[in-house]
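Trainee: Below is the file final24.txt, with compact mmCIF, C-alpha atoms.
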```
# COMPACT_ATOMS: atom_id res chain seq x y z
CA MET A 1 8.90 140.96 40.13
CA SER A 2 6.68 140.83 43.19
CA ALA A 3 5.55 137.70 44.96
CA ALA A 4 1.98 138.45 43.98
CA VAL A 5 2.94 138.51 40.31
CA ALA A 6 5.02 135.33 40.63
CA THR A 7 2.14 133.36 42.12
CA ALA A 8 -0.71 134.82 40.13
CA ALA A 9 -2.81 132.10 38.54
CA PRO A 10 -3.11 132.32 34.75
CA ALA A 11 -6.49 132.09 33.09
CA GLY A 12 -7.91 128.58 33.24
CA ALA A 13 -5.58 127.45 36.02
CA GLY A 14 -8.50 126.66 38.32
CA ALA A 15 -10.18 124.44 35.73
CA ARG A 16 -6.92 122.65 34.99
CA ALA A 17 -6.29 122.08 38.69
CA GLY A 18 -9.81 120.71 39.11
CA LEU A 19 -9.38 118.27 36.24
CA SER A 20 -5.98 117.21 37.61
CA LEU A 21 -7.55 116.50 40.99
CA ALA A 22 -10.31 114.53 39.28
CA LEU A 23 -7.73 112.39 37.48
CA ALA A 24 -5.89 111.82 40.76
CA ALA A 25 -9.17 110.76 42.33
CA VAL A 26 -9.79 108.32 39.46
CA LEU A 27 -6.37 106.77 40.00
CA ALA A 28 -6.92 106.53 43.76
CA THR A 29 -10.39 105.01 43.27
CA GLY A 30 -9.02 102.51 40.76
CA ALA A 31 -6.27 101.44 43.14
CA TRP A 32 -8.75 101.12 46.02
CA HIS A 33 -11.10 99.03 43.89
CA LEU A 34 -8.31 96.74 42.71
CA SER A 35 -7.02 96.25 46.24
CA GLY A 36 -10.39 94.86 47.27
CA GLU A 37 -10.36 92.16 44.59
CA ALA A 38 -8.92 88.72 45.19
CA GLY A 39 -5.21 88.93 44.46
CA GLY A 40 -5.62 92.57 43.45
CA SER A 41 -3.09 94.12 45.83
CA ARG A 42 -0.27 93.65 43.31
CA LEU A 43 -2.33 95.33 40.58
CA ALA A 44 -3.26 98.20 42.89
CA LEU A 45 0.36 98.79 43.87
CA SER A 46 1.41 98.71 40.23
CA LEU A 47 -1.08 101.45 39.44
CA VAL A 48 0.09 103.54 42.40
CA PHE A 49 3.79 103.17 41.62
CA GLY A 50 3.16 103.92 37.95
CA ALA A 51 1.29 107.10 38.88
CA LEU A 52 4.06 108.21 41.22
CA PHE A 53 6.68 107.46 38.58
CA GLY A 54 4.80 109.38 35.88
CA PHE A 55 4.31 112.37 38.17
CA VAL A 56 8.03 112.48 39.03
CA LEU A 57 9.13 112.05 35.41
CA GLN A 58 6.90 114.90 34.21
CA ARG A 59 7.71 117.28 37.05
CA SER A 60 11.49 116.79 36.88
CA ARG A 61 11.82 116.34 33.07
CA PHE A 62 13.55 113.03 33.72
CA CYS A 63 14.46 112.22 30.12
CA PHE A 64 17.76 110.53 29.26
CA LEU A 65 17.95 112.10 25.80
CA CYS A 66 17.09 115.60 27.02
CA VAL A 67 19.70 115.69 29.75
CA TRP A 68 22.42 114.17 27.56
CA ARG A 69 21.63 116.60 24.75
CA ASP A 70 21.74 119.52 27.22
CA PHE A 71 25.19 118.37 28.25
CA LEU A 72 26.46 117.90 24.69
CA ASP A 73 25.03 121.14 23.29
CA GLN A 74 25.19 123.53 26.24
CA GLY A 75 27.65 121.92 28.63
CA ASP A 76 24.86 121.84 31.25
CA PRO A 77 25.51 118.89 33.58
CA ARG A 78 22.51 119.26 35.88
CA GLY A 79 20.31 116.71 34.15
CA VAL A 80 23.05 114.09 34.01
CA LEU A 81 23.71 114.69 37.70
CA GLY A 82 20.03 113.98 38.32
CA ILE A 83 20.41 110.57 36.66
CA LEU A 84 23.51 109.89 38.75
CA ALA A 85 21.49 110.79 41.87
CA ALA A 86 18.80 108.28 40.84
CA LEU A 87 21.40 105.55 40.35
CA ALA A 88 23.11 106.28 43.68
CA ALA A 89 19.85 106.23 45.63
CA GLY A 90 18.74 103.06 43.89
CA MET A 91 22.07 101.30 44.41
CA ALA A 92 21.91 101.95 48.15
CA GLY A 93 18.27 100.89 48.37
CA TYR A 94 18.78 97.70 46.36
CA ALA A 95 21.79 96.74 48.49
CA VAL A 96 19.62 96.88 51.61
CA VAL A 97 16.88 94.78 50.01
CA PHE A 98 19.35 92.26 48.59
CA GLY A 99 21.04 91.87 51.95
CA ALA A 100 17.72 90.92 53.53
CA TRP A 101 16.58 88.54 50.78
CA LEU A 102 19.87 86.93 49.79
CA PRO A 103 22.40 87.42 52.60
CA ASP A 104 25.20 85.55 50.79
CA PRO A 105 25.64 86.75 47.19
CA SER A 106 28.57 84.47 46.41
CA GLY A 107 26.55 81.40 45.45
CA THR A 108 24.84 80.57 42.18
CA ARG A 109 21.51 82.21 42.98
CA LEU A 110 20.54 85.65 41.71
CA PRO A 111 18.14 88.06 43.45
CA PRO A 112 14.53 87.30 42.49
CA GLY A 113 13.37 89.22 39.45
CA ALA A 114 16.34 91.60 39.30
CA HIS A 115 17.29 92.82 35.81
CA ILE A 116 20.62 91.05 35.42
CA GLY A 117 21.21 90.08 31.80
CA PRO A 118 23.85 88.54 29.54
CA VAL A 119 26.77 90.76 28.56
CA GLY A 120 28.20 90.63 25.06
CA PRO A 121 28.31 92.29 21.64
CA VAL A 122 24.58 91.78 21.07
CA LEU A 123 23.77 93.79 24.21
CA ALA A 124 26.06 96.60 23.02
CA LEU A 125 24.38 96.52 19.60
CA ALA A 126 20.97 96.75 21.27
CA GLY A 127 22.13 99.75 23.30
CA LEU A 128 23.46 101.48 20.18
CA ALA A 129 20.15 100.91 18.36
CA PHE A 130 18.14 102.12 21.34
CA GLY A 131 20.26 105.28 21.62
CA ALA A 132 19.90 105.95 17.90
CA GLY A 133 16.14 105.51 18.24
CA MET A 134 16.09 108.04 21.07
CA ALA A 135 17.95 110.60 18.96
CA VAL A 136 15.66 110.06 15.95
CA SER A 137 12.34 110.01 17.80
CA GLY A 138 13.21 112.61 20.42
CA SER A 139 12.89 110.52 23.59
CA CYS A 140 13.31 107.13 25.17
CA LEU A 141 10.23 104.97 25.70
CA SER A 142 9.55 106.14 29.27
CA ALA A 143 9.78 109.79 28.17
CA HIS A 144 7.46 109.13 25.23
CA LEU A 145 4.95 107.74 27.70
CA TYR A 146 4.98 110.81 29.93
CA ARG A 147 5.04 113.09 26.90
CA LEU A 148 1.97 111.29 25.67
CA GLY A 149 0.37 112.84 28.74
CA GLU A 150 1.72 116.24 27.66
CA GLY A 151 0.10 115.97 24.21
CA SER A 152 3.25 115.19 22.21
CA PRO A 153 2.48 114.74 18.50
CA THR A 154 5.41 112.34 18.11
CA ALA A 155 4.86 110.02 21.09
CA PRO A 156 1.90 107.99 19.70
CA PHE A 157 3.83 107.15 16.52
CA ALA A 158 7.01 106.36 18.46
CA LEU A 159 5.09 103.90 20.64
CA LEU A 160 3.50 102.33 17.56
CA GLY A 161 6.94 102.11 15.96
CA ALA A 162 8.28 100.52 19.15
CA ALA A 163 5.61 97.80 18.95
CA LEU A 164 6.71 97.08 15.38
CA GLY A 165 10.33 97.12 16.53
CA PHE A 166 9.54 94.45 19.10
CA VAL A 167 8.09 92.25 16.38
CA LEU A 168 11.26 92.80 14.33
CA GLY A 169 13.26 91.88 17.43
CA PHE A 170 11.38 88.61 17.79
CA LEU A 171 12.16 87.79 14.17
CA THR A 172 15.89 88.41 14.64
CA TRP A 173 16.15 86.92 18.12
CA ASN A 174 17.00 83.29 17.31
CA PRO A 175 20.07 83.92 15.10
CA LEU A 176 21.36 86.57 17.53
CA TYR A 177 20.76 84.27 20.49
CA LEU A 178 22.67 81.42 18.90
CA ALA A 179 25.50 83.70 17.71
CA GLY A 180 26.14 85.81 20.76
CA ILE A 181 23.66 85.53 23.63
CA ALA A 182 23.44 81.85 24.58
CA GLU A 183 27.03 81.68 25.83
CA ALA A 184 27.32 85.29 27.03
CA PRO A 185 28.17 85.65 30.74
CA VAL A 186 25.55 86.96 33.17
CA THR A 187 27.70 89.10 35.44
CA TRP A 188 26.36 90.21 38.82
CA LEU A 189 28.93 92.39 40.56
CA PRO A 190 27.98 91.54 44.20
CA ARG A 191 28.82 87.90 43.46
CA HIS A 192 32.43 88.94 42.86
CA LEU A 193 32.77 91.98 45.15
CA GLY A 194 30.15 91.35 47.84
CA TYR A 195 27.37 93.79 48.58
CA GLY A 196 29.65 96.29 50.29
CA GLY A 197 32.35 96.14 47.65
CA SER A 198 29.86 96.41 44.79
CA LEU A 199 28.09 99.36 46.40
CA VAL A 200 31.36 101.18 47.18
CA ALA A 201 32.68 100.58 43.66
CA GLY A 202 29.44 101.75 42.05
CA LEU A 203 29.17 104.84 44.21
CA ALA A 204 32.86 105.63 43.58
CA VAL A 205 32.25 105.57 39.81
CA LEU A 206 29.20 107.81 40.20
CA ALA A 207 31.08 110.16 42.53
CA GLY A 208 33.96 110.44 40.07
CA LEU A 209 31.54 111.27 37.26
CA ALA A 210 29.71 113.75 39.47
CA LEU A 211 32.93 115.56 40.47
CA TRP A 212 33.92 115.85 36.81
CA LEU A 213 30.48 117.18 35.89
CA LEU A 214 30.40 119.65 38.79
CA ARG A 215 33.42 121.40 37.29
CA ARG A 216 31.12 122.37 34.43
CA TRP A 217 28.33 123.60 36.69
CA PRO A 218 26.69 126.71 35.15
CA PRO A 219 26.93 130.05 36.97
CA PRO A 220 24.07 130.72 39.40
CA PRO A 221 21.18 132.75 38.00
CA ARG A 222 20.71 136.34 39.07
CA SER A 223 18.80 136.64 42.29
CA SER A 224 15.13 137.38 41.97
CA ALA A 225 12.66 138.85 44.40
CA ALA A 226 10.02 136.35 43.31
CA VAL A 227 8.80 133.98 45.99
CA LEU A 228 7.15 130.75 44.91
CA ASP A 229 4.59 129.22 47.22
CA PRO A 230 4.91 125.50 48.00
CA LEU A 231 2.02 124.45 45.76
CA HIS A 232 3.56 126.33 42.84
CA ALA A 233 6.95 124.76 43.54
CA VAL A 234 5.51 121.22 43.54
CA PHE A 235 2.87 121.38 40.83
CA VAL A 236 3.93 124.16 38.43
CA ALA A 237 7.65 124.90 38.59
CA ARG A 238 10.08 122.31 37.27
CA TRP A 239 11.74 120.31 40.01
CA PRO A 240 15.52 120.38 40.43
CA THR A 241 16.98 117.42 38.59
CA TRP A 242 18.68 116.07 41.69
CA LEU A 243 15.33 115.95 43.49
CA GLY A 244 13.72 114.08 40.60
CA GLY A 245 16.66 111.67 40.56
CA LEU A 246 16.41 110.91 44.27
CA ALA A 247 12.67 110.36 43.90
CA VAL A 248 13.21 107.96 40.97
CA GLY A 249 15.78 106.03 43.02
CA ALA A 250 13.40 105.79 45.98
CA ILE A 251 10.50 104.66 43.78
CA GLY A 252 12.75 102.10 42.11
CA THR A 253 13.73 100.62 45.47
CA LEU A 254 10.18 100.51 46.84
CA ALA A 255 8.84 99.05 43.59
CA TYR A 256 11.44 96.27 43.67
CA LEU A 257 10.70 95.57 47.34
CA ARG A 258 6.96 95.19 46.78
CA LEU A 259 6.54 94.31 43.09
CA GLY A 260 9.61 94.03 40.90
CA PRO A 261 12.17 96.22 39.15
CA LEU A 262 11.06 99.34 37.33
CA GLY A 263 10.46 98.84 33.62
CA VAL A 264 8.04 100.14 30.99
CA THR A 265 8.49 97.72 28.08
CA THR A 266 7.03 94.51 29.48
CA GLU A 267 3.49 95.37 28.45
CA ILE A 268 4.50 96.80 25.07
CA GLY A 269 6.61 93.73 24.32
CA GLY A 270 4.06 91.26 25.62
CA ARG A 271 1.19 92.74 23.63
CA SER A 272 3.38 92.97 20.53
CA ARG A 273 4.29 89.32 20.94
CA GLN A 274 0.63 88.43 21.40
CA GLY A 275 -0.37 90.29 18.24
CA ALA A 276 2.49 88.85 16.19
CA ALA A 277 1.59 85.34 17.36
CA ALA A 278 -2.04 85.85 16.37
CA LEU A 279 -0.94 86.94 12.90
CA GLY A 280 1.46 84.01 12.56
CA LEU A 281 4.53 86.27 12.40
CA LEU A 282 6.54 84.69 15.21
CA PRO A 283 9.06 81.85 14.88
CA GLU A 284 7.85 78.52 16.22
CA ARG A 285 9.97 79.09 19.30
CA LEU A 286 12.08 81.93 20.65
CA GLU A 287 15.23 80.19 21.86
CA GLY A 288 15.99 80.86 25.52
CA LEU A 289 14.11 84.17 25.61
CA ASP A 290 11.73 83.40 28.46
CA GLY A 291 14.56 82.15 30.66
CA PHE A 292 16.31 85.51 30.86
CA ARG A 293 15.74 88.18 33.47
CA GLY A 294 14.66 91.62 32.39
CA CYS A 295 11.50 93.09 30.93
CA ALA A 296 9.85 89.80 30.02
CA THR A 297 7.72 89.66 26.89
CA ALA A 298 5.62 86.61 27.72
CA LEU A 299 2.25 86.19 26.00
CA ARG A 300 -0.54 87.93 27.89
CA ASP A 301 -3.70 86.10 28.94
CA GLY A 302 -5.42 88.66 31.18
CA LEU A 303 -6.68 92.11 30.30
CA LEU A 304 -5.15 93.75 33.36
CA THR A 305 -1.48 93.11 34.09
CA PRO A 306 0.86 94.71 36.65
CA ASN A 307 3.05 96.39 34.03
CA GLY A 308 0.04 97.45 31.99
CA LEU A 309 -1.42 99.22 35.02
CA PHE A 310 2.00 100.69 35.81
CA VAL A 311 2.20 102.19 32.31
CA GLY A 312 -1.43 103.35 32.46
CA GLY A 313 -0.86 105.05 35.80
CA LEU A 314 2.29 106.69 34.41
CA VAL A 315 0.44 108.20 31.43
CA VAL A 316 -2.58 109.39 33.41
CA ALA A 317 -0.49 110.90 36.20
CA SER A 318 1.81 112.68 33.76
CA PHE A 319 -1.30 114.06 32.02
CA ALA A 320 -2.63 115.33 35.35
CA ALA A 321 0.75 116.85 36.23
CA ALA A 322 1.05 118.53 32.83
CA LEU A 323 -2.46 119.96 33.15
CA ALA A 324 -1.77 121.41 36.58
CA ALA A 325 1.47 123.00 35.38
CA GLY A 326 -0.04 124.37 32.17
CA GLN A 327 2.23 122.11 30.13
CA PHE A 328 -0.40 120.07 28.31
CA ARG A 329 0.04 121.38 24.78
CA PRO A 330 -1.43 118.98 22.23
CA ALA A 331 -0.42 119.59 18.63
CA ARG A 332 -1.54 118.16 15.32
CA PRO A 333 1.14 115.75 14.07
CA GLY A 334 2.86 116.57 10.82
CA ARG A 335 4.66 114.29 8.43
CA GLY A 336 7.94 114.84 10.27
CA HIS A 337 6.41 113.78 13.59
CA VAL A 338 5.05 110.61 12.00
CA LEU A 339 8.27 109.67 10.21
CA ARG A 340 10.54 110.42 13.16
CA GLY A 341 8.22 108.65 15.56
CA LEU A 342 7.83 105.48 13.51
CA SER A 343 11.47 105.18 12.44
CA GLY A 344 12.90 106.08 15.83
CA GLY A 345 10.33 103.90 17.58
CA LEU A 346 11.30 100.94 15.40
CA LEU A 347 14.89 101.26 16.65
CA LEU A 348 13.70 101.73 20.22
CA GLY A 349 11.56 98.61 20.09
CA TRP A 350 14.24 96.46 18.46
CA GLY A 351 16.86 97.67 20.94
CA ALA A 352 14.59 97.14 23.95
CA MET A 353 13.54 93.65 22.86
CA THR A 354 17.10 92.54 22.03
CA GLY A 355 18.57 94.19 25.13
CA LEU A 356 15.82 92.75 27.39
CA GLY A 357 14.70 96.20 28.45
CA CYS A 358 15.14 99.93 27.90
CA SER A 359 16.77 102.88 29.64
CA ILE A 360 14.58 102.20 32.69
CA GLY A 361 14.60 98.39 32.84
CA THR A 362 18.06 97.43 31.59
CA LEU A 363 20.02 100.59 32.40
CA LEU A 364 18.43 102.09 35.51
CA SER A 365 17.14 98.95 37.24
CA GLY A 366 20.13 96.93 36.03
CA ILE A 367 22.76 99.29 37.40
CA MET A 368 20.83 99.63 40.67
CA ALA A 369 20.92 95.83 40.95
CA GLY A 370 24.68 95.67 40.36
CA ALA A 371 24.36 94.15 36.89
CA LEU A 372 27.24 94.72 34.48
CA SER A 373 24.66 94.55 31.68
CA GLY A 374 23.20 97.86 32.85
CA TRP A 375 26.54 99.66 32.48
CA VAL A 376 27.23 98.14 29.05
CA PHE A 377 23.77 99.00 27.73
CA GLY A 378 24.01 102.53 29.15
CA ILE A 379 27.41 103.30 27.61
CA ALA A 380 26.33 101.92 24.24
CA MET A 381 23.10 103.93 24.44
CA LEU A 382 24.97 107.20 25.03
CA VAL A 383 27.29 106.43 22.12
CA GLY A 384 24.27 105.74 19.92
CA ILE A 385 22.65 109.04 20.91
CA THR A 386 25.82 111.06 20.37
CA VAL A 387 26.73 109.59 17.00
CA THR A 388 23.18 109.84 15.67
CA LEU A 389 22.72 113.45 16.79
CA ARG A 390 26.00 114.57 15.27
CA LEU A 391 25.49 112.64 12.07
CA GLY A 392 21.95 113.96 11.74
CA ARG A 393 23.10 117.54 12.16
CA ARG A 394 25.95 117.11 9.72
CA LEU A 395 23.51 115.81 7.14
CA GLY A 396 20.99 118.52 7.94
CA LEU A 397 18.39 116.03 9.12
CA SER A 398 18.03 117.36 12.67
CA ALA A 399 18.45 120.62 14.51
```
For the structure just supplied, provide its representation as structure tokens.
Mentor:
Amino acid sequence: MSAAVATAAPAGAGARAGLSLALAAVLATGAWHLSGEAGGSRLALSLVFGALFGFVLQRSRFCFLCVWRDFLDQGDPRGVLGILAALAAGMAGYAVVFGAWLPDPSGTRLPPGAHIGPVGPVLALAGLAFGAGMAVSGSCLSAHLYRLGEGSPTAPFALLGAALGFVLGFLTWNPLYLAGIAEAPVTWLPRHLGYGGSLVAGLAVLAGLALWLLRRWPPPPRSSAAVLDPLHAVFVARWPTWLGGLAVGAIGTLAYLRLGPLGVTTEIGGRSRQGAAALGLLPERLEGLDGFRGCATALRDGLLTPNGLFVGGLVVASFAAALAAGQFRPARPGRGHVLRGLSGGLLLGWGAMTGLGCSIGTLLSGIMAGALSGWVFGIAMLVGITVTLRLGRRLGLSA
């Protein structure tokens, strides 16, 4: 294949690129406008970070379910290695920020806003439910958001199901809190190991996993004469998973430095709580919920919120990226899309509400922050995915 053939633009590529640039201009204009408002710099940064995050997710196919399923089904470790790269970059970045903000981690204080949650059986149950919801619906919540920008027929129903799952989580919160959350320990590893010890221990675990995975590295593809130009490599070809992982880790660090930890469920949970309260579906009080760190689900007063703009920027940027790459492929939803989306989304929402976050907030941001809760949620999530996939295939319910 010649270089000319490899870089030839398919029909309609120019129009798609123009629309993508227009969407990027809308995002930039929105951020500029917000930055000029009183107190709007936080909102503007949220929109910018959300757009960057959505672009990276779409370009690198950063999807926890996809990469784990690739590993289970094909023995391909590259996607999992990308997640490990994100965690390693984020761990190092968080350690630097923590050292500047809270030089002595041994006291009773915790880093401001960091996703460090209670560890116990309820957290593991939430991770299992979230993983099962990923396997049923086809993605985690962050991936459903960027796939919404790709035209996924399942994503809208999964997000609707997640909102219902949050309401279900509010209804079950009080008995679970009293039974297993109120007295659960909140374990922050730097408090016990120091920043250096926690970082070395975390990186050692990631390195051990990476070395084990590298033994299963697939053979290199046959060499090709095709030469991809830089624009094609950035905006059309899929990024290497390690590059996407490093970018996610860098965005996570910068977002925490300027705004707060990465997370995509705060707005979904907050709006679900607001709607349930308006309909009289919530308990009179949610015991201890608003005192925990994580993706808070406080009632929303304003129309524009930092996490809402983050999620909006994520969806719009992933739509622009999918358009430019020719990967925007909307499809009419069938009954299977609706059922899988709603049922899987219900599990996703319940797991995210009960676990105080999702694969981005509790797992990714939690592990980066040195929270034991991130590791527990992540392990339970992978178990939930694996068991649900295998059970579904055995019963003939999934491919």
Trainee: For region 341-358 of chain A, please output as a PDB file with C-alpha atoms, in the frame of the given file all residues within 7 Å (counting only C-alpha atoms; exclusion window: fewer than 2 positions along the same chain).
Mentor:
```pdb
ATOM      1  CA  LEU A 123      23.770  93.790  24.210  1.00  0.00           C
ATOM      2  CA  ALA A 126      20.970  96.750  21.270  1.00  0.00           C
ATOM      3  CA  GLY A 127      22.130  99.750  23.300  1.00  0.00           C
ATOM      4  CA  ALA A 129      20.150 100.910  18.360  1.00  0.00           C
ATOM      5  CA  PHE A 130      18.140 102.120  21.340  1.00  0.00           C
ATOM      6  CA  ALA A 132      19.900 105.950  17.900  1.00  0.00           C
ATOM      7  CA  GLY A 133      16.140 105.510  18.240  1.00  0.00           C
ATOM      8  CA  MET A 134      16.090 108.040  21.070  1.00  0.00           C
ATOM      9  CA  VAL A 136      15.660 110.060  15.950  1.00  0.00           C
ATOM     10  CA  SER A 137      12.340 110.010  17.800  1.00  0.00           C
ATOM     11  CA  THR A 154       5.410 112.340  18.110  1.00  0.00           C
ATOM     12  CA  ALA A 155       4.860 110.020  21.090  1.00  0.00           C
ATOM     13  CA  PHE A 157       3.830 107.150  16.520  1.00  0.00           C
ATOM     14  CA  ALA A 158       7.010 106.360  18.460  1.00  0.00           C
ATOM     15  CA  LEU A 159       5.090 103.900  20.640  1.00  0.00           C
ATOM     16  CA  LEU A 160       3.500 102.330  17.560  1.00  0.00           C
ATOM     17  CA  GLY A 161       6.940 102.110  15.960  1.00  0.00           C
ATOM     18  CA  ALA A 162       8.280 100.520  19.150  1.00  0.00           C
ATOM     19  CA  ALA A 163       5.610  97.800  18.950  1.00  0.00           C
ATOM     20  CA  LEU A 164       6.710  97.080  15.380  1.00  0.00           C
ATOM     21  CA  GLY A 165      10.330  97.120  16.530  1.00  0.00           C
ATOM     22  CA  PHE A 166       9.540  94.450  19.100  1.00  0.00           C
ATOM     23  CA  LEU A 168      11.260  92.800  14.330  1.00  0.00           C
ATOM     24  CA  GLY A 169      13.260  91.880  17.430  1.00  0.00           C
ATOM     25  CA  TRP A 173      16.150  86.920  18.120  1.00  0.00           C
ATOM     26  CA  THR A 265       8.490  97.720  28.080  1.00  0.00           C
ATOM     27  CA  GLY A 294      14.660  91.620  32.390  1.00  0.00           C
ATOM     28  CA  CYS A 295      11.500  93.090  30.930  1.00  0.00           C
ATOM     29  CA  HIS A 337       6.410 113.780  13.590  1.00  0.00           C
ATOM     30  CA  VAL A 338       5.050 110.610  12.000  1.00  0.00           C
ATOM     31  CA  LEU A 339       8.270 109.670  10.210  1.00  0.00           C
ATOM     32  CA  ILE A 360      14.580 102.200  32.690  1.00  0.00           C
ATOM     33  CA  GLY A 361      14.600  98.390  32.840  1.00  0.00           C
ATOM     34  CA  THR A 362      18.060  97.430  31.590  1.00  0.00           C
ATOM     35  CA  LEU A 363      20.020 100.590  32.400  1.00  0.00           C
TER      36      LEU A 363
END
```
Trainee: Using all atoms listed in the file, find the one residue out of A:Leu189, A:Phe310, A:Ser20, A:Gly113 that sits nearest to Trp101 (chain A).
Mentor: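 Under the stated criterion, the closest residue is A:Gly113.
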Trainee: If you count only C-alpha atoms, which residues fall within 12 Å of Val376 (chain A), apart from same-chain ones fewer than 5 positions away, as a ChimeraX atom specification?
Mentor: /A:116-128,187,355,359,362-364,366-367,370-371,381-383
Trainee: Identify which of the residues A:Leu309, A:Leu57, A:Val315, A:Ala95 lies closest to Gly196 (chain A), counting only C-alpha atoms when measuring atom-to-atom distances.
Mentor: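 Under the stated criterion, the closest residue is A:Ala95.
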Trainee: Which is closest to Leu27 (chain A) among A:Ala247, A:Val316, A:Ala210, A:Ala86, if we use all atoms listed in the file?
Mentor: A:Val316
Trainee: What is the distance, in Å and to one decimal place, between CA of Ser373 (chain A) and CA of Ala184 (chain A)?
Mentor: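 Spanning CA of Ser373 (chain A) to CA of Ala184 (chain A) is a straight-line distance of 10.7 Å.
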Trainee: Would you list the contacts of Val236 (chain A) as a ChimeraX atom specification, taking every protein, DNA or RNA residue within 6 Å and counting only C-alpha atoms, but skipping same-chain residues closer than 3 positions in sequence?
Mentor: /A:232-233,325
Trainee: Residues at most 12 Å from Trp68 (chain A), counting all atoms listed in the file, excluding those fewer than 6 positions away in the same chain, as a PyMOL selection string?
Mentor: chain A and resi 62+74-83+131+134-135+138-140+213+378-379+381-386+389
Trainee: To one decimal place, how far is CA of Leu303 (chain A) from CA of Phe49 (chain A) in Å?
Mentor: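 Between these atoms lies a distance of 19.0 Å.
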Trainee: Choose the residue, out of A:Gly308, A:Pro175, A:Pro218, A:Pro190, that has the smallest atom-to-atom separation from Thr266 (chain A); count only C-alpha atoms.
Mentor: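 Selected residue with least distance to Thr266 (chain A): A:Gly308.
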Trainee: Quick one: everything within 7 Å of region 29-42 of chain A, counting only C-alpha atoms, minus sequence neighbours fewer than 6 positions away in the same chain. Send it as a ChimeraX atom specification.
Mentor: /A:48,259,306
Trainee: Ranking A:Leu206, A:Ala28, A:Leu314, A:Leu391 by minimum distance to Phe53 (chain A) and counting only C-alpha atoms, which one comes first?
Mentor: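 Using only C-alpha atoms, Phe53 (chain A) sits closest to A:Leu314.
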Trainee: Using Å and a single decimal, report how far CA of His115 (chain A) sits from CA of Pro283 (chain A).
Mentor: 25.0 Å
Trainee: Check the smallest atom-to-atom distance from each of A:Ala182, A:Ser152, A:Gly208, A:Leu176 to Arg332 (chain A) using only C-alpha atoms, then report the winner.
Mentor: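 So, comparing all the options, the nearest one is A:Ser152.
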